[in-house]
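Okay, coords_0.pdb is below, PDB, C-alpha atoms:
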ATOM      1  CA  MET A   1     167.073 125.786   4.864  1.00  0.00           C
ATOM      2  CA  ASP A   2     166.851 126.091   8.628  1.00  0.00           C
ATOM      3  CA  TYR A   3     165.647 123.053  10.597  1.00  0.00           C
ATOM      4  CA  GLN A   4     166.449 121.010  13.661  1.00  0.00           C
ATOM      5  CA  ILE A   5     166.451 117.264  14.287  1.00  0.00           C
ATOM      6  CA  ILE A   6     164.426 116.280  17.365  1.00  0.00           C
ATOM      7  CA  PRO A   7     162.837 113.107  18.765  1.00  0.00           C
ATOM      8  CA  MET A   8     159.374 112.500  17.359  1.00  0.00           C
ATOM      9  CA  THR A   9     156.507 112.394  19.850  1.00  0.00           C
ATOM     10  CA  SER A  10     152.823 111.585  19.552  1.00  0.00           C
ATOM     11  CA  ALA A  11     152.209 115.327  19.143  1.00  0.00           C
ATOM     12  CA  HIS A  12     153.767 115.038  15.669  1.00  0.00           C
ATOM     13  CA  LEU A  13     151.586 112.149  14.457  1.00  0.00           C
ATOM     14  CA  ASP A  14     149.116 114.297  12.485  1.00  0.00           C
ATOM     15  CA  GLN A  15     151.904 115.922  10.470  1.00  0.00           C
ATOM     16  CA  ALA A  16     153.778 112.621  10.090  1.00  0.00           C
ATOM     17  CA  GLU A  17     150.642 110.907   8.805  1.00  0.00           C
ATOM     18  CA  GLU A  18     150.062 113.677   6.271  1.00  0.00           C
ATOM     19  CA  LEU A  19     153.691 113.547   5.108  1.00  0.00           C
ATOM     20  CA  GLU A  20     153.480 109.760   4.794  1.00  0.00           C
ATOM     21  CA  LYS A  21     150.517 110.120   2.419  1.00  0.00           C
ATOM     22  CA  ILE A  22     152.366 112.734   0.351  1.00  0.00           C
ATOM     23  CA  CYS A  23     155.584 110.725   0.102  1.00  0.00           C
ATOM     24  CA  PHE A  24     154.074 107.261  -0.342  1.00  0.00           C
ATOM     25  CA  PRO A  25     150.636 107.722  -1.909  1.00  0.00           C
ATOM     26  CA  GLU A  26     150.561 104.157  -3.260  1.00  0.00           C
ATOM     27  CA  ASP A  27     151.234 102.456   0.084  1.00  0.00           C
ATOM     28  CA  PRO A  28     151.518 104.812   3.091  1.00  0.00           C
ATOM     29  CA  TRP A  29     151.954 103.606   6.627  1.00  0.00           C
ATOM     30  CA  SER A  30     148.659 103.968   8.464  1.00  0.00           C
ATOM     31  CA  ARG A  31     148.318 106.161  11.526  1.00  0.00           C
ATOM     32  CA  ARG A  32     148.106 102.960  13.597  1.00  0.00           C
ATOM     33  CA  ILE A  33     151.461 101.746  12.239  1.00  0.00           C
ATOM     34  CA  LEU A  34     153.069 105.152  12.807  1.00  0.00           C
ATOM     35  CA  LYS A  35     151.735 105.250  16.369  1.00  0.00           C
ATOM     36  CA  GLU A  36     152.779 101.666  17.161  1.00  0.00           C
ATOM     37  CA  SER A  37     156.237 102.258  15.693  1.00  0.00           C
ATOM     38  CA  LEU A  38     156.634 105.393  17.754  1.00  0.00           C
ATOM     39  CA  ALA A  39     155.575 103.583  20.934  1.00  0.00           C
ATOM     40  CA  GLY A  40     157.567 100.400  20.300  1.00  0.00           C
ATOM     41  CA  GLU A  41     160.041  99.393  22.975  1.00  0.00           C
ATOM     42  CA  SER A  42     162.831  98.734  20.474  1.00  0.00           C
ATOM     43  CA  SER A  43     161.988 101.533  18.046  1.00  0.00           C
ATOM     44  CA  ALA A  44     162.571 105.252  17.855  1.00  0.00           C
ATOM     45  CA  ALA A  45     161.798 108.118  15.507  1.00  0.00           C
ATOM     46  CA  LEU A  46     163.426 111.444  14.750  1.00  0.00           C
ATOM     47  CA  LEU A  47     162.061 114.322  12.750  1.00  0.00           C
ATOM     48  CA  ALA A  48     163.288 117.415  11.024  1.00  0.00           C
ATOM     49  CA  ARG A  49     161.271 120.436  12.104  1.00  0.00           C
ATOM     50  CA  ASP A  50     161.373 123.862  10.499  1.00  0.00           C
ATOM     51  CA  GLY A  51     161.342 127.142  12.429  1.00  0.00           C
ATOM     52  CA  ASP A  52     157.532 127.237  12.394  1.00  0.00           C
ATOM     53  CA  GLY A  53     157.214 123.729  13.847  1.00  0.00           C
ATOM     54  CA  GLY A  54     156.359 122.076  10.532  1.00  0.00           C
ATOM     55  CA  VAL A  55     157.592 118.565   9.901  1.00  0.00           C
ATOM     56  CA  LEU A  56     159.976 118.465   6.930  1.00  0.00           C
ATOM     57  CA  GLY A  57     160.890 114.807   7.297  1.00  0.00           C
ATOM     58  CA  TYR A  58     161.230 111.895   9.662  1.00  0.00           C
ATOM     59  CA  VAL A  59     162.960 108.576  10.145  1.00  0.00           C
ATOM     60  CA  PHE A  60     161.781 105.514  12.070  1.00  0.00           C
ATOM     61  CA  PHE A  61     164.360 102.963  13.152  1.00  0.00           C
ATOM     62  CA  THR A  62     164.489  99.790  15.209  1.00  0.00           C
ATOM     63  CA  ILE A  63     167.258  98.508  17.456  1.00  0.00           C
ATOM     64  CA  VAL A  64     167.548  94.861  18.526  1.00  0.00           C
ATOM     65  CA  LEU A  65     170.647  93.990  20.525  1.00  0.00           C
ATOM     66  CA  ASP A  66     173.545  95.369  18.445  1.00  0.00           C
ATOM     67  CA  GLU A  67     171.651  95.517  15.138  1.00  0.00           C
ATOM     68  CA  GLY A  68     169.626  98.366  13.740  1.00  0.00           C
ATOM     69  CA  SER A  69     167.289  98.905  10.832  1.00  0.00           C
ATOM     70  CA  VAL A  70     166.024 102.056   9.197  1.00  0.00           C
ATOM     71  CA  ASP A  71     162.355 101.207   8.757  1.00  0.00           C
ATOM     72  CA  ASN A  72     160.954 104.330   7.130  1.00  0.00           C
ATOM     73  CA  ILE A  73     162.333 107.670   6.034  1.00  0.00           C
ATOM     74  CA  ALA A  74     160.366 110.442   4.372  1.00  0.00           C
ATOM     75  CA  VAL A  75     161.126 114.026   3.372  1.00  0.00           C
ATOM     76  CA  HIS A  76     158.554 116.501   2.085  1.00  0.00           C
ATOM     77  CA  PRO A  77     159.031 117.066  -1.671  1.00  0.00           C
ATOM     78  CA  ASP A  78     159.630 120.808  -1.084  1.00  0.00           C
ATOM     79  CA  ALA A  79     162.487 120.008   1.322  1.00  0.00           C
ATOM     80  CA  ARG A  80     164.272 117.388  -0.769  1.00  0.00           C
ATOM     81  CA  ARG A  81     167.864 117.838  -1.930  1.00  0.00           C
ATOM     82  CA  ARG A  82     168.475 120.253   0.936  1.00  0.00           C
ATOM     83  CA  GLY A  83     170.240 117.901   3.343  1.00  0.00           C
ATOM     84  CA  VAL A  84     167.222 116.859   5.420  1.00  0.00           C
ATOM     85  CA  ALA A  85     167.468 113.115   4.709  1.00  0.00           C
ATOM     86  CA  SER A  86     171.238 113.207   5.227  1.00  0.00           C
ATOM     87  CA  ALA A  87     170.818 114.993   8.564  1.00  0.00           C
ATOM     88  CA  LEU A  88     168.209 112.474   9.706  1.00  0.00           C
ATOM     89  CA  LEU A  89     170.440 109.556   8.736  1.00  0.00           C
ATOM     90  CA  ARG A  90     173.503 111.126  10.385  1.00  0.00           C
ATOM     91  CA  ALA A  91     171.459 111.437  13.589  1.00  0.00           C
ATOM     92  CA  VAL A  92     170.520 107.735  13.384  1.00  0.00           C
ATOM     93  CA  HIS A  93     174.171 106.860  12.699  1.00  0.00           C
ATOM     94  CA  GLY A  94     175.239 108.877  15.741  1.00  0.00           C
ATOM     95  CA  TYR A  95     172.659 107.086  17.859  1.00  0.00           C
ATOM     96  CA  GLY A  96     173.854 103.744  16.500  1.00  0.00           C
ATOM     97  CA  ARG A  97     177.502 104.448  17.215  1.00  0.00           C
ATOM     98  CA  SER A  98     176.805 105.760  20.708  1.00  0.00           C
ATOM     99  CA  HIS A  99     174.717 102.673  21.506  1.00  0.00           C
ATOM    100  CA  GLY A 100     177.296 100.174  20.233  1.00  0.00           C
ATOM    101  CA  LEU A 101     175.497  98.965  17.118  1.00  0.00           C
ATOM    102  CA  SER A 102     177.405  96.738  14.734  1.00  0.00           C
ATOM    103  CA  PHE A 103     175.421  97.808  11.682  1.00  0.00           C
ATOM    104  CA  LEU A 104     172.272  99.331  10.231  1.00  0.00           C
ATOM    105  CA  LEU A 105     170.165  97.785   7.479  1.00  0.00           C
ATOM    106  CA  LEU A 106     167.579  99.345   5.196  1.00  0.00           C
ATOM    107  CA  GLU A 107     165.604  98.452   2.099  1.00  0.00           C
ATOM    108  CA  VAL A 108     165.107 100.633  -0.962  1.00  0.00           C
ATOM    109  CA  ARG A 109     163.277 100.214  -4.245  1.00  0.00           C
ATOM    110  CA  PRO A 110     165.619  99.825  -7.252  1.00  0.00           C
ATOM    111  CA  SER A 111     163.496 102.480  -8.972  1.00  0.00           C
ATOM    112  CA  ASN A 112     164.235 104.971  -6.172  1.00  0.00           C
ATOM    113  CA  ARG A 113     167.602 105.880  -7.620  1.00  0.00           C
ATOM    114  CA  GLY A 114     167.921 109.131  -5.679  1.00  0.00           C
ATOM    115  CA  ALA A 115     167.513 107.421  -2.309  1.00  0.00           C
ATOM    116  CA  ALA A 116     169.835 104.553  -3.271  1.00  0.00           C
ATOM    117  CA  ALA A 117     172.484 107.068  -4.358  1.00  0.00           C
ATOM    118  CA  LEU A 118     172.148 108.950  -1.060  1.00  0.00           C
ATOM    119  CA  TYR A 119     172.549 105.728   0.925  1.00  0.00           C
ATOM    120  CA  ARG A 120     175.658 104.765  -1.062  1.00  0.00           C
ATOM    121  CA  LYS A 121     177.095 108.240  -0.528  1.00  0.00           C
ATOM    122  CA  MET A 122     176.551 107.778   3.217  1.00  0.00           C
ATOM    123  CA  GLY A 123     178.450 104.473   3.239  1.00  0.00           C
ATOM    124  CA  TYR A 124     175.720 101.860   2.776  1.00  0.00           C
ATOM    125  CA  GLN A 125     176.528  98.923   0.533  1.00  0.00           C
ATOM    126  CA  GLU A 126     174.182  96.542  -1.253  1.00  0.00           C
ATOM    127  CA  VAL A 127     174.191  93.157   0.479  1.00  0.00           C
ATOM    128  CA  GLY A 128     171.180  91.433  -1.053  1.00  0.00           C
ATOM    129  CA  ARG A 129     167.678  91.597  -2.448  1.00  0.00           C
ATOM    130  CA  ARG A 130     164.214  90.741  -1.197  1.00  0.00           C
ATOM    131  CA  LYS A 131     162.190  89.361  -4.098  1.00  0.00           C
ATOM    132  CA  ASN A 132     158.841  91.125  -4.641  1.00  0.00           C
ATOM    133  CA  TYR A 133     159.155  92.954  -1.310  1.00  0.00           C
ATOM    134  CA  TYR A 134     157.164  95.990  -2.445  1.00  0.00           C
ATOM    135  CA  LEU A 135     153.616  95.393  -3.611  1.00  0.00           C
ATOM    136  CA  ASP A 136     152.294  98.544  -5.278  1.00  0.00           C
ATOM    137  CA  PRO A 137     153.924  98.515  -7.730  1.00  0.00           C
ATOM    138  CA  LYS A 138     155.493  95.088  -7.306  1.00  0.00           C
ATOM    139  CA  GLU A 139     159.243  95.446  -7.019  1.00  0.00           C
ATOM    140  CA  ASP A 140     162.216  93.840  -5.308  1.00  0.00           C
ATOM    141  CA  ALA A 141     163.956  95.579  -2.432  1.00  0.00           C
ATOM    142  CA  ILE A 142     167.659  96.262  -2.416  1.00  0.00           C
ATOM    143  CA  ILE A 143     169.015  95.465   1.059  1.00  0.00           C
ATOM    144  CA  MET A 144     171.738  97.914   2.060  1.00  0.00           C
ATOM    145  CA  LYS A 145     174.015  97.775   5.082  1.00  0.00           C
ATOM    146  CA  LEU A 146     176.165 100.283   6.922  1.00  0.00           C
ATOM    147  CA  GLU A 147     178.735  98.674   9.202  1.00  0.00           C
ATOM    148  CA  PHE A 148     180.090 100.534  12.187  1.00  0.00           C
ATOM    149  CA  MET A 149     183.724 100.122  13.046  1.00  0.00           C
ATOM    150  CA  PRO A 150     184.240  98.666  16.521  1.00  0.00           C
ATOM    151  CA  CYS A 151     185.702 101.032  19.081  1.00  0.00           C
ATOM    152  CA  THR A 152     189.141  99.919  20.234  1.00  0.00           C
TER     153      THR A 152
END

Just dump the structure as structure tokens.
Amino acid sequence: MDYQIIPMTSAHLDQAEELEKICFPEDPWSRRILKESLAGESSAALLARDGDGGVLGYVFFTIVLDEGSVDNIAVHPDARRRGVASALLRAVHGYGRSHGLSFLLLEVRPSNRGAAALYRKMGYQEVGRRKNYYLDPKEDAIIMKLEFMPCT
């Protein structure tokens, strides 16, 4: 599958909103949340775009001082298991390393075994749980952390 990772802009919001509804039909981020996250001073977003300009996936992340969090990641069902999520996360990791982050955090549903396995494969480790974090359906969140080695 041919795609490129680029910064998300407001021009991608329509496609991102549609993908959000496909990936998270029970509780999608609203267009307002997507737009505010994209415009946030401490946040950024990357997307995977195919050769025709279609959005295959995206990741939103937030940076505060030397800490980062992956806030939302989505990949179109037709593009899953083809390296898109891994490429998006590697791009965030590269950004984090180049900007001196100490670590990245993310939350994942225990029932989302595929995502949790991907995060473990990429070096994230479980560091805690948030009780009843997800509402529809109600479920805890596994907190996972990727620590960056300090440059010497």

Inset, instruction - Starting from the shown file, work through the PyMOL selection byres ((chain A and resi 92) around 12) and note down what comes out as a ChimeraX atom specification. - result: /A:5-7,43-47,58-63,68-73,85-91,93-99,101,103-105,122,146

Legend entry - Nearest to A:Arg82, chosen from A:Ala48, A:Gly54, A:Ser37, A:Gly100, with all atoms listed in the file counted in the distances: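 Under the stated criterion, the closest residue is A:Ala48.
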
Padding 6 Å on each side, edges along x, y and z: where is the centre of the box around the listed atoms of stretch 101-120 of chain A, and how long are its edges in Å to one decimal? Output it as lines of an AutoDock Vina configuration file.
center_x = 170.3
center_y = 102.9
center_z = 4.1
size_x = 26.1
size_y = 24.4
size_z = 38.1

Legend entry - Residue list as a ChimeraX atom specification for point (154.7, 113.6, -0.9), cut-off 9 Å, all atoms listed in the file: /A:18-25,74-78

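You will find atom CA of A:Pro110 at 19.8 Å from atom CA of A:Trp29.
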
Legend entry - Distance of atom CA of A:Ser102 from atom CA of A:Ala39, expressed in Å to one decimal place: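 The value is 23.7 Å.
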
Inset, instruction - For A:Arg49, work out the shell of residues within 10 Å, counting only C-alpha atoms and skipping chain neighbours fewer than 4 positions away, then give it as a PyMOL selection string. - result: chain A and resi 2-6+8+12+53-58+84
